[in-house]
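Structure data (TSV, C-alpha atoms (C1' of nucleotides)) from work.tsv:
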chain	number	residue	atom	x	y	z
A	1458	MET	CA	-8.12	-11.01	14.89
A	1459	PHE	CA	-11.69	-10.96	13.60
A	1460	SER	CA	-14.18	-8.14	14.16
A	1461	LYS	CA	-17.10	-8.63	16.54
A	1462	SER	CA	-19.37	-8.83	13.50
A	1463	CYS	CA	-17.34	-11.69	12.16
A	1464	GLU	CA	-17.23	-13.50	15.50
A	1465	TYR	CA	-21.01	-13.24	15.93
A	1466	GLY	CA	-21.53	-14.12	12.28
A	1467	LEU	CA	-19.45	-17.27	12.46
A	1468	ARG	CA	-21.08	-18.37	15.72
A	1469	ALA	CA	-24.55	-17.71	14.30
A	1470	VAL	CA	-23.80	-19.63	11.11
A	1471	LEU	CA	-22.44	-22.59	13.03
A	1472	PHE	CA	-25.45	-22.65	15.33
A	1473	ILE	CA	-27.93	-22.38	12.45
A	1474	ALA	CA	-26.03	-25.10	10.59
A	1475	GLN	CA	-26.10	-27.39	13.59
A	1476	GLN	CA	-29.85	-26.97	13.92
A	1477	SER	CA	-30.50	-27.23	10.18
A	1478	ASP	CA	-28.59	-30.48	10.27
A	1479	LYS	CA	-31.24	-31.72	12.70
A	1480	GLY	CA	-34.00	-30.35	10.47
A	1481	ALA	CA	-34.79	-27.38	12.69
A	1482	LYS	CA	-35.32	-23.77	11.73
A	1483	VAL	CA	-34.21	-21.17	14.30
A	1484	SER	CA	-35.52	-17.71	15.08
A	1485	MET	CA	-33.39	-14.63	15.68
A	1486	THR	CA	-34.34	-14.72	19.35
A	1487	THR	CA	-33.17	-18.29	19.73
A	1488	ILE	CA	-29.94	-17.61	17.87
A	1489	SER	CA	-28.93	-14.65	19.98
A	1490	GLU	CA	-29.77	-16.55	23.14
A	1491	GLU	CA	-27.86	-19.63	22.13
A	1492	ILE	CA	-24.72	-17.89	20.95
A	1493	ASN	CA	-24.96	-15.14	23.55
A	1494	SER	CA	-24.89	-12.16	21.21
A	1495	PRO	CA	-26.83	-8.86	20.87
A	1496	GLN	CA	-29.95	-9.76	18.92
A	1497	ALA	CA	-30.52	-6.71	16.70
A	1498	PHE	CA	-26.86	-6.48	15.84
A	1499	THR	CA	-26.66	-10.16	15.00
A	1500	ALA	CA	-29.77	-9.75	12.82
A	1501	LYS	CA	-27.94	-7.13	10.75
A	1502	ILE	CA	-25.02	-9.48	10.28
A	1503	LEU	CA	-27.29	-12.32	9.21
A	1504	GLN	CA	-28.90	-10.01	6.64
A	1505	LYS	CA	-25.55	-9.81	4.89
A	1506	LEU	CA	-25.31	-13.56	4.88
A	1507	THR	CA	-28.85	-14.04	3.57
A	1508	ARG	CA	-28.24	-11.53	0.77
A	1509	THR	CA	-25.23	-13.61	-0.22
A	1510	ASP	CA	-27.38	-16.77	0.01
A	1511	ILE	CA	-25.27	-18.54	2.59
A	1512	VAL	CA	-28.16	-18.48	5.03
A	1513	LYS	CA	-31.82	-18.74	4.09
A	1514	ALA	CA	-34.35	-16.59	5.93
A	1515	VAL	CA	-38.07	-17.34	6.11
A	1516	LYS	CA	-40.52	-14.73	7.41
A	1517	GLY	CA	-43.73	-15.29	9.30
A	1518	PRO	CA	-44.92	-17.84	11.84
A	1519	HIS	CA	-42.65	-20.89	12.01
A	1520	GLY	CA	-40.12	-18.90	10.02
A	1521	GLY	CA	-36.49	-18.39	10.93
A	1522	PHE	CA	-33.07	-19.14	9.55
A	1523	THR	CA	-31.72	-22.28	7.95
A	1524	ILE	CA	-28.70	-23.33	5.95
A	1525	GLU	CA	-29.58	-25.59	3.06
A	1526	PRO	CA	-27.65	-28.80	2.54
A	1527	GLU	CA	-25.78	-27.54	-0.53
A	1528	MET	CA	-24.57	-24.49	1.41
A	1529	MET	CA	-23.05	-26.65	4.12
A	1530	ASP	CA	-19.94	-26.92	1.94
A	1531	THR	CA	-19.39	-23.18	2.20
A	1532	LYS	CA	-15.89	-22.49	3.49
A	1533	LEU	CA	-15.33	-20.30	6.54
A	1534	SER	CA	-13.15	-18.06	4.38
A	1535	GLU	CA	-16.25	-16.99	2.42
A	1536	ILE	CA	-18.01	-15.89	5.57
A	1537	VAL	CA	-14.94	-14.06	6.85
A	1538	THR	CA	-14.50	-12.30	3.52
A	1539	ILE	CA	-18.14	-11.18	3.46
A	1540	LEU	CA	-17.96	-9.80	6.99
A	1541	ASP	CA	-14.37	-8.57	7.35
A	1542	GLY	CA	-13.07	-8.31	3.80
A	1543	ASP	CA	-9.83	-9.82	2.65
A	1544	SER	CA	-7.31	-7.59	4.42
A	1545	ILE	CA	-6.65	-10.31	6.95
A	1546	TYR	CA	-5.28	-12.46	4.13
A	1547	LYS	CA	-3.81	-9.75	1.94
A	1548	GLY	CA	-2.88	-6.90	4.28
A	1549	CYS	CA	0.66	-6.06	5.33
A	1550	ALA	CA	1.54	-6.60	9.00
A	1551	LEU	CA	2.87	-3.04	9.21
A	1552	GLY	CA	-0.02	-1.54	7.25
A	1553	LEU	CA	1.93	-0.71	4.10
A	1554	LYS	CA	-0.09	-0.55	0.91
A	1555	GLN	CA	2.61	-1.76	-1.37
A	1556	CYS	CA	4.16	-4.69	0.39
A	1557	ASP	CA	4.94	-7.80	-1.58
A	1558	ALA	CA	7.86	-10.03	-2.47
A	1559	ASN	CA	9.26	-7.31	-4.73
A	1560	SER	CA	9.15	-4.48	-2.23
A	1561	PRO	CA	8.60	-6.17	1.13
A	1562	CYS	CA	8.24	-4.63	4.55
A	1563	PRO	CA	10.78	-5.97	7.06
A	1564	LEU	CA	8.30	-8.50	8.42
A	1565	HIS	CA	6.89	-9.59	5.08
A	1566	PHE	CA	8.49	-13.01	4.72
A	1567	LYS	CA	7.93	-13.97	8.32
A	1568	PHE	CA	4.37	-12.73	8.35
A	1569	ILE	CA	3.26	-14.20	5.08
A	1570	GLU	CA	3.61	-17.70	6.48
A	1571	ILE	CA	1.18	-16.99	9.27
A	1572	ARG	CA	-1.28	-15.23	6.99
A	1573	ASP	CA	-1.13	-18.11	4.54
A	1574	ASN	CA	-1.71	-20.66	7.28
A	1575	LEU	CA	-4.78	-18.78	8.39
A	1576	GLN	CA	-6.07	-18.48	4.86
A	1577	GLU	CA	-5.40	-22.15	4.21
A	1578	MET	CA	-7.21	-23.16	7.38
A	1579	LEU	CA	-10.28	-21.06	6.58
A	1580	GLU	CA	-10.35	-22.10	2.93
A	1581	THR	CA	-10.26	-25.78	3.76
A	1582	THR	CA	-12.72	-25.71	6.64
A	1583	SER	CA	-16.36	-26.04	5.61
A	1584	ILE	CA	-19.42	-25.30	7.70
A	1585	LYS	CA	-20.26	-29.00	7.48
A	1586	SER	CA	-16.95	-30.18	8.89
A	1587	VAL	CA	-17.27	-27.85	11.87
A	1588	VAL	CA	-20.83	-29.01	12.54
A	1589	ASN	CA	-19.60	-32.59	12.64
A	1590	ASP	CA	-17.12	-31.59	15.34
A	1591	LEU	CA	-19.88	-29.72	17.14
A	1592	SER	CA	-21.79	-32.93	17.62
A	1593	LEU	CA	-18.87	-34.19	19.69
A	1594	GLU	CA	-19.58	-33.34	23.28
A	1595	SER	CA	-17.89	-30.44	25.11
A	1596	ILE	CA	-17.67	-28.14	22.11
A	1597	ILE	CA	-19.39	-24.83	22.80
A	1598	LEU	CA	-20.67	-21.70	21.02
A	1599	LYS	CA	-21.65	-19.69	24.08
A	1600	ARG	CA	-19.72	-17.44	26.46
B	535	MET	CA	-4.51	-8.09	12.31
B	536	PHE	CA	-2.82	-5.32	14.26
B	537	SER	CA	-4.41	-1.95	15.11
B	538	LYS	CA	-3.22	1.20	13.34
B	539	SER	CA	-1.49	2.18	16.59
B	540	CYS	CA	0.46	-1.02	16.53
B	541	GLU	CA	1.35	-0.71	12.86
B	542	TYR	CA	2.63	2.84	13.29
B	543	GLY	CA	4.35	1.89	16.54
B	544	LEU	CA	6.23	-1.01	14.99
B	545	ARG	CA	7.25	1.04	11.97
B	546	ALA	CA	8.41	3.91	14.19
B	547	VAL	CA	10.42	1.60	16.42
B	548	LEU	CA	12.10	-0.05	13.46
B	549	PHE	CA	12.97	3.29	11.92
B	550	ILE	CA	14.35	4.68	15.18
B	551	ALA	CA	16.32	1.49	15.71
B	552	GLN	CA	17.80	1.67	12.24
B	553	GLN	CA	18.92	5.25	12.83
B	554	SER	CA	20.16	4.58	16.37
B	555	ASP	CA	22.25	1.79	14.90
B	556	LYS	CA	23.97	4.45	12.81
B	557	GLY	CA	24.34	6.68	15.87
B	558	ALA	CA	21.61	9.10	14.87
B	559	LYS	CA	18.80	10.51	16.98
B	560	VAL	CA	15.54	11.25	15.14
B	561	SER	CA	12.86	13.86	15.74
B	562	MET	CA	9.12	13.23	15.71
B	563	THR	CA	8.86	15.18	12.44
B	564	THR	CA	11.47	13.02	10.75
B	565	ILE	CA	9.88	9.82	12.02
B	566	SER	CA	6.41	10.61	10.75
B	567	GLU	CA	7.84	11.68	7.40
B	568	GLU	CA	9.97	8.60	7.01
B	569	ILE	CA	7.33	6.06	8.00
B	570	ASN	CA	4.48	8.03	6.45
B	571	SER	CA	2.27	8.30	9.53
B	572	PRO	CA	0.21	11.05	11.23
B	573	GLN	CA	2.67	12.90	13.44
B	574	ALA	CA	0.62	13.78	16.51
B	575	PHE	CA	-0.91	10.34	16.65
B	576	THR	CA	2.44	8.63	16.27
B	577	ALA	CA	3.78	10.85	19.06
B	578	LYS	CA	1.11	9.47	21.40
B	579	ILE	CA	2.10	5.94	20.52
B	580	LEU	CA	5.78	6.64	21.13
B	581	GLN	CA	4.90	8.08	24.54
B	582	LYS	CA	3.68	4.64	25.56
B	583	LEU	CA	6.91	3.11	24.37
B	584	THR	CA	9.06	5.68	26.17
B	585	ARG	CA	7.14	5.14	29.42
B	586	THR	CA	7.95	1.44	29.10
B	587	ASP	CA	11.59	2.32	28.35
B	588	ILE	CA	11.76	0.63	24.98
B	589	VAL	CA	12.44	3.95	23.33
B	590	LYS	CA	14.42	6.80	24.90
B	591	ALA	CA	13.21	10.35	24.33
B	592	VAL	CA	15.37	13.45	24.73
B	593	LYS	CA	13.80	16.90	24.83
B	594	GLY	CA	15.25	20.15	23.60
B	595	PRO	CA	17.46	21.12	20.70
B	596	HIS	CA	19.14	18.14	19.03
B	597	GLY	CA	16.79	15.96	21.00
B	598	GLY	CA	14.66	13.19	19.58
B	599	PHE	CA	14.20	9.48	19.94
B	600	THR	CA	16.73	6.70	20.21
B	601	ILE	CA	16.79	3.03	21.12
B	602	GLU	CA	19.73	2.13	23.31
B	603	PRO	CA	21.87	-0.88	22.42
B	604	GLU	CA	20.57	-3.02	25.28
B	605	MET	CA	16.97	-2.43	24.14
B	606	MET	CA	17.73	-3.69	20.67
B	607	ASP	CA	17.10	-7.19	21.98
B	608	THR	CA	13.47	-6.29	22.74
B	609	LYS	CA	11.15	-8.73	21.04
B	610	LEU	CA	8.38	-7.54	18.75
B	611	SER	CA	5.90	-9.35	21.00
B	612	GLU	CA	6.64	-6.85	23.77
B	613	ILE	CA	5.77	-3.93	21.53
B	614	VAL	CA	2.60	-5.60	20.27
B	615	THR	CA	1.53	-6.41	23.82
B	616	ILE	CA	2.06	-2.81	24.95
B	617	LEU	CA	0.08	-1.40	22.03
B	618	ASP	CA	-2.59	-4.04	21.34
B	619	GLY	CA	-2.67	-6.16	24.47
B	620	ASP	CA	-2.48	-9.92	24.45
B	621	SER	CA	-5.84	-10.83	22.91
B	622	ILE	CA	-4.15	-11.59	19.62
B	623	TYR	CA	-2.28	-14.43	21.34
B	624	LYS	CA	-4.84	-15.41	23.91
B	625	GLY	CA	-8.21	-14.53	22.40
B	626	CYS	CA	-10.68	-17.03	20.98
B	627	ALA	CA	-11.31	-16.88	17.22
B	628	LEU	CA	-15.05	-16.74	17.88
B	629	GLY	CA	-14.76	-14.26	20.75
B	630	LEU	CA	-15.65	-16.65	23.55
B	631	LYS	CA	-14.28	-15.76	26.96
B	632	GLN	CA	-13.91	-19.29	28.19
B	633	CYS	CA	-12.33	-21.14	25.33
B	634	ASP	CA	-9.51	-23.52	26.04
B	635	ALA	CA	-8.58	-27.17	25.61
B	636	ASN	CA	-11.12	-28.14	28.29
B	637	SER	CA	-14.08	-26.28	26.85
B	638	PRO	CA	-13.04	-25.38	23.33
B	639	CYS	CA	-14.95	-23.50	20.68
B	640	PRO	CA	-15.34	-25.45	17.44
B	641	LEU	CA	-12.35	-23.73	15.88
B	642	HIS	CA	-10.11	-23.88	18.92
B	643	PHE	CA	-7.70	-26.60	17.88
B	644	LYS	CA	-7.32	-25.35	14.36
B	645	PHE	CA	-6.94	-21.76	15.40
B	646	ILE	CA	-4.50	-22.27	18.22
B	647	GLU	CA	-1.84	-23.39	15.77
B	648	ILE	CA	-2.03	-20.13	13.88
B	649	ARG	CA	-2.09	-18.04	17.02
B	650	ASP	CA	0.90	-19.93	18.39
B	651	ASN	CA	2.84	-19.48	15.18
B	652	LEU	CA	2.23	-15.76	15.32
B	653	GLN	CA	3.23	-15.60	18.97
B	654	GLU	CA	6.34	-17.68	18.33
B	655	MET	CA	7.35	-15.45	15.44
B	656	LEU	CA	6.93	-12.25	17.42
B	657	GLU	CA	8.59	-13.67	20.53
B	658	THR	CA	11.67	-14.80	18.65
B	659	THR	CA	12.07	-11.70	16.48
B	660	SER	CA	14.09	-8.93	18.10
B	661	ILE	CA	14.30	-5.31	16.99
B	662	LYS	CA	17.98	-5.93	16.26
B	663	SER	CA	17.36	-8.82	13.90
B	664	VAL	CA	14.85	-6.82	11.89
B	665	VAL	CA	17.23	-3.87	11.65
B	666	ASN	CA	19.86	-6.18	10.22
B	667	ASP	CA	17.39	-7.21	7.51
B	668	LEU	CA	16.51	-3.56	6.97
B	669	SER	CA	20.09	-2.83	5.96
B	670	LEU	CA	19.58	-5.21	3.06
B	671	GLU	CA	18.44	-3.18	0.13
B	672	SER	CA	14.77	-3.08	-1.05
B	673	ILE	CA	13.22	-3.36	2.39
B	674	ILE	CA	10.88	-0.47	3.08
B	675	LEU	CA	8.99	1.19	5.94
B	676	LYS	CA	7.02	3.70	3.91
B	677	ARG	CA	3.76	3.54	1.97
C	287	DT	C1'	-59.43	-11.33	6.08
C	288	DT	C1'	-57.55	-10.71	10.21
C	289	DA	C1'	-54.31	-11.57	13.91
C	290	DA	C1'	-50.01	-13.24	15.00
C	291	DT	C1'	-45.29	-14.10	13.93
C	292	DA	C1'	-40.85	-13.21	12.24
C	293	DA	C1'	-37.33	-11.04	9.32
C	294	DA	C1'	-35.95	-6.54	6.79
C	295	DG	C1'	-34.77	-1.95	6.94
C	296	DG	C1'	-34.04	2.75	8.55
C	297	DA	C1'	-32.86	5.99	12.16
C	298	DT	C1'	-30.31	6.74	15.91
C	299	DA	C1'	-27.11	6.19	19.90
C	300	DA	C1'	-23.04	4.68	22.44
C	301	DA	C1'	-18.37	3.21	22.52
C	302	DA	C1'	-13.94	2.60	20.63
C	303	DA	C1'	-10.38	3.76	17.46
C	304	DG	C1'	-8.06	7.08	15.04
C	305	DG	C1'	-6.42	11.62	14.85
C	306	DT	C1'	-5.54	16.94	15.97
C	307	DC	C1'	-4.39	20.98	18.63
C	308	DT	C1'	-2.77	23.67	22.39
C	309	DT	C1'	-0.29	24.15	26.45
C	310	DT	C1'	3.46	22.58	29.50
C	311	DA	C1'	8.03	20.83	30.61
C	312	DA	C1'	12.75	19.96	29.68
C	313	DA	C1'	17.02	20.83	27.36
C	314	DT	C1'	20.31	23.74	24.75
C	315	DC	C1'	22.68	27.75	23.26
C	316	DG	C1'	23.83	32.45	22.89
D	780	DC	C1'	18.86	34.54	32.02
D	781	DG	C1'	15.90	34.33	27.92
D	782	DA	C1'	14.86	32.63	23.48
D	783	DT	C1'	14.41	28.50	21.02
D	784	DT	C1'	13.83	23.67	20.20
D	785	DT	C1'	11.79	19.44	21.01
D	786	DA	C1'	8.97	15.89	23.47
D	787	DA	C1'	4.97	15.16	27.03
D	788	DA	C1'	0.44	15.68	28.34
D	789	DG	C1'	-4.25	16.76	28.22
D	790	DA	C1'	-8.38	18.35	25.94
D	791	DC	C1'	-10.76	17.88	22.05
D	792	DC	C1'	-12.63	16.29	17.50
D	793	DT	C1'	-13.82	12.71	13.73
D	794	DT	C1'	-14.73	8.28	11.93
D	795	DT	C1'	-15.78	3.58	12.39
D	796	DT	C1'	-17.61	-0.09	14.89
D	797	DT	C1'	-20.87	-1.88	17.83
D	798	DA	C1'	-25.45	-1.79	19.34
D	799	DT	C1'	-30.50	-0.50	19.97
D	800	DC	C1'	-35.13	0.76	18.69
D	801	DC	C1'	-38.96	1.19	15.91
D	802	DT	C1'	-41.55	0.75	11.74
D	803	DT	C1'	-42.44	-1.92	7.61
D	804	DT	C1'	-43.00	-6.05	4.98
D	805	DA	C1'	-43.78	-10.85	4.28
D	806	DT	C1'	-45.83	-15.16	5.70
D	807	DT	C1'	-48.83	-18.17	8.04
D	808	DA	C1'	-52.78	-20.02	10.27
D	809	DA	C1'	-57.21	-19.59	12.18
Could the structure of this file be written out as structure tokens, please?
Amino acid sequence: MFSKSCEYGLRAVLFIAQQSDKGAKVSMTTISEEINSPQAFTAKILQKLTRTDIVKAVKGPHGGFTIEPEMMDTKLSEIVTILDGDSIYKGCALGLKQCDANSPCPLHFKFIEIRDNLQEMLETTSIKSVVNDLSLESIILKR
Amino acid sequence: MFSKSCEYGLRAVLFIAQQSDKGAKVSMTTISEEINSPQAFTAKILQKLTRTDIVKAVKGPHGGFTIEPEMMDTKLSEIVTILDGDSIYKGCALGLKQCDANSPCPLHFKFIEIRDNLQEMLETTSIKSVVNDLSLESIILKR
DNA sequence: TTAATAAAGGATAAAAAGGTCTTTAAATCG
DNA sequence: CGATTTAAAGACCTTTTTATCCTTTATTAA
């Protein structure tokens, strides 16, 4: 469904958000340990998210990554779009370039429902709301 | 969503089915022209589907591919599983190996709905039913 | 101002996905 | 039978994705 980049990116964001919520900054080493992802690769992914200001990076001793309170309202759809583009929402199930209500592929009307549900879910789910669920026990970001 | 292999595979199957329905056998050259896909690559994909008996291949002059009447009831989910595996139905949105109702990732309960809808759609849609829709004008398999 | 810390960035490598080409096998027809 | 047609199979190549490593830059604290 999502690329590895997007999976790691979402996990990293949720972990950083959880820690930021507690007032803690987290280093790249901690992140990759806590979400069980390849460190250097995850660092590249976070660079994209810092350039787009979703995550804030601070260099030097006691530096690390945080997500500022106002960015906690960021929707998961934004993160997915940055990392995987919008083909998951807009692409045709059969890979046709011109597939819409006017000239639909044979799966168009069945598939569009699922795509729209996914889009709706990601567009209405904020980082903040997921972090609130994370505080409930038994929810995990590792393995 | 689906891999290129799966996209080409589904389009090829639907085209073959449509032609078989009219009593026609189709060659690899015709298929790749009509669904606008790379021929040699599509041939590889169809080999997987002939080994699993969804498609029947006949060598030699006037040979080609057909789908026999009893295979027209094959569900799209079978084709997707053969070509892309079952991770699209079973995989975790965040890529966690152990993610289920007992130890869910933070998106588990939201995501499972979408995954299940997709699975349901593919498991209840047969080749035959799509071919019937294909006979309705304006439905396309190209471009 | 220097040493330590931590992210950024570039170069490179490994693996997977996507795609091609050539040879082999099977079927048909003259 | 032999020539021809068509799919199967295997070897190979290309591109993209995933991943690592190493150097540079920024920040901090002593």
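With only C-alpha atoms as the atoms that count, the minimum distance from Thr615 in chain B to the choices B:Gln653, B:Thr584, B:Gln573, B:Thr659 is reached by B:Gln653.
Distance-wise, CA of Asp587 in chain B and C1' of DT308 in chain C end up 26.4 Å apart.
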Just need the residues of chain C within 10 Å of chain B, counting only C-alpha atoms (C1' of nucleotides), so spit them out as a CSV table (one decimal) with C-alpha atoms (C1' of nucleotides), in the frame of the given file.
chain,number,residue,atom,x,y,z
C,303,DA,C1',-10.4,3.8,17.5
C,304,DG,C1',-8.1,7.1,15.0
C,305,DG,C1',-6.4,11.6,14.8
C,306,DT,C1',-5.5,16.9,16.0
C,307,DC,C1',-4.4,21.0,18.6
C,311,DA,C1',8.0,20.8,30.6
C,312,DA,C1',12.8,20.0,29.7
C,313,DA,C1',17.0,20.8,27.4
C,314,DT,C1',20.3,23.7,24.8
C,315,DC,C1',22.7,27.8,23.3
Interface, chain D side, toward chain B (9 Å; all atoms listed in the file) as a ChimeraX atom specification: /D:783-787
Give the residues of chain A that lie within 8 Å of chain B; count only C-alpha atoms, and format the answer as a PyMOL selection string. chain A and resi 1458-1459+1461+1463-1465+1467-1468+1545+1550-1555+1559-1564+1567-1568+1571+1574-1575+1578+1587+1590-1591+1595-1600
Take the residues just selected and output them with C-alpha atoms as a JSON list (two decimals), in the coordinates of the input.
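In the end it all went to again.json:
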[["chain", "number", "residue", "atom", "x", "y", "z"],
["A", 1458, "MET", "CA", -8.12, -11.01, 14.89],
["A", 1459, "PHE", "CA", -11.69, -10.96, 13.60],
["A", 1461, "LYS", "CA", -17.10, -8.63, 16.54],
["A", 1463, "CYS", "CA", -17.34, -11.69, 12.16],
["A", 1464, "GLU", "CA", -17.23, -13.50, 15.50],
["A", 1465, "TYR", "CA", -21.01, -13.24, 15.93],
["A", 1467, "LEU", "CA", -19.45, -17.27, 12.46],
["A", 1468, "ARG", "CA", -21.08, -18.37, 15.72],
["A", 1545, "ILE", "CA", -6.65, -10.31, 6.95],
["A", 1550, "ALA", "CA", 1.54, -6.60, 9.00],
["A", 1551, "LEU", "CA", 2.87, -3.04, 9.21],
["A", 1552, "GLY", "CA", -0.02, -1.54, 7.25],
["A", 1553, "LEU", "CA", 1.93, -0.71, 4.10],
["A", 1554, "LYS", "CA", -0.09, -0.55, 0.91],
["A", 1555, "GLN", "CA", 2.61, -1.76, -1.37],
["A", 1559, "ASN", "CA", 9.26, -7.31, -4.73],
["A", 1560, "SER", "CA", 9.15, -4.48, -2.23],
["A", 1561, "PRO", "CA", 8.60, -6.17, 1.13],
["A", 1562, "CYS", "CA", 8.24, -4.63, 4.55],
["A", 1563, "PRO", "CA", 10.78, -5.97, 7.06],
["A", 1564, "LEU", "CA", 8.30, -8.50, 8.42],
["A", 1567, "LYS", "CA", 7.93, -13.97, 8.32],
["A", 1568, "PHE", "CA", 4.37, -12.73, 8.35],
["A", 1571, "ILE", "CA", 1.18, -16.99, 9.27],
["A", 1574, "ASN", "CA", -1.71, -20.66, 7.28],
["A", 1575, "LEU", "CA", -4.78, -18.78, 8.39],
["A", 1578, "MET", "CA", -7.21, -23.16, 7.38],
["A", 1587, "VAL", "CA", -17.27, -27.85, 11.87],
["A", 1590, "ASP", "CA", -17.12, -31.59, 15.34],
["A", 1591, "LEU", "CA", -19.88, -29.72, 17.14],
["A", 1595, "SER", "CA", -17.89, -30.44, 25.11],
["A", 1596, "ILE", "CA", -17.67, -28.14, 22.11],
["A", 1597, "ILE", "CA", -19.39, -24.83, 22.80],
["A", 1598, "LEU", "CA", -20.67, -21.70, 21.02],
["A", 1599, "LYS", "CA", -21.65, -19.69, 24.08],
["A", 1600, "ARG", "CA", -19.72, -17.44, 26.46]]
What does the structure give for the distance between CA of Thr1531 in chain A and CA of Glu1490 in chain A, in Å to one decimal? 24.3 Å
The distance between CA of Glu604 in chain B and CA of Ile565 in chain B is 21.3 Å
Ref. answer, residues at most 8 Å from (8.7, -4.8, 19.5) with all atoms listed in the file, as a list in words: Leu544, Val547, Thr608, Lys609, Leu610, Ser611, Glu612, Ile613, Val614, Leu656, Ser660 and Ile661 of chain B
Go ahead and write the selection's residues with C-alpha atoms as an mmCIF file, in the frame of the given file.
data_model
loop_
_atom_site.group_PDB
_atom_site.id
_atom_site.type_symbol
_atom_site.label_atom_id
_atom_site.label_comp_id
_atom_site.auth_asym_id
_atom_site.auth_seq_id
_atom_site.Cartn_x
_atom_site.Cartn_y
_atom_site.Cartn_z
ATOM 1 C CA LEU B 544 6.230 -1.010 14.990
ATOM 2 C CA VAL B 547 10.420 1.600 16.420
ATOM 3 C CA THR B 608 13.470 -6.290 22.740
ATOM 4 C CA LYS B 609 11.150 -8.730 21.040
ATOM 5 C CA LEU B 610 8.380 -7.540 18.750
ATOM 6 C CA SER B 611 5.900 -9.350 21.000
ATOM 7 C CA GLU B 612 6.640 -6.850 23.770
ATOM 8 C CA ILE B 613 5.770 -3.930 21.530
ATOM 9 C CA VAL B 614 2.600 -5.600 20.270
ATOM 10 C CA LEU B 656 6.930 -12.250 17.420
ATOM 11 C CA SER B 660 14.090 -8.930 18.100
ATOM 12 C CA ILE B 661 14.300 -5.310 16.990
#
Quick one: everything within 12 Å of DT288 in chain C, counting only C-alpha atoms (C1' of nucleotides), minus sequence neighbours fewer than 4 positions away in the same chain. Send it as a PyMOL selection string. chain D and resi 807-809
Output C-alpha atoms (C1' of nucleotides) for every residue in the selection just made, as a PDB file, keeping the file's coordinate frame.
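The result, stored in result-v9.pdb:
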ATOM      1  C1'  DT D 807     -48.830 -18.170   8.040  1.00  0.00           C
ATOM      2  C1'  DA D 808     -52.780 -20.020  10.270  1.00  0.00           C
ATOM      3  C1'  DA D 809     -57.210 -19.590  12.180  1.00  0.00           C
TER       4       DA D 809
END
Residues within 10 Å of (-5.1, 22.9, 24.6), file coordinates, counting only C-alpha atoms (C1' of nucleotides): what are they? Give the list as JSON, numbers by chain. {"C": [307, 308, 309, 310], "D": [788, 789, 790, 791]}
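Residues in contact with DT298 in chain C at up to 12 Å, not including ones fewer than 4 positions away on its chain and judged by only C-alpha atoms (C1' of nucleotides), are D:DA798, D:DT799, D:DC800, D:DC801.
For Ile1473 in chain A, the set of protein, DNA and RNA residues having any atom at most 8 Å away, when counting all atoms listed in the file and skipping those fewer than 3 positions along the same chain, is Ala1469, Val1470, Gln1476, Ser1477, Lys1482, Val1483, Ile1488, Phe1522, Thr1523 and Ile1524 of chain A.
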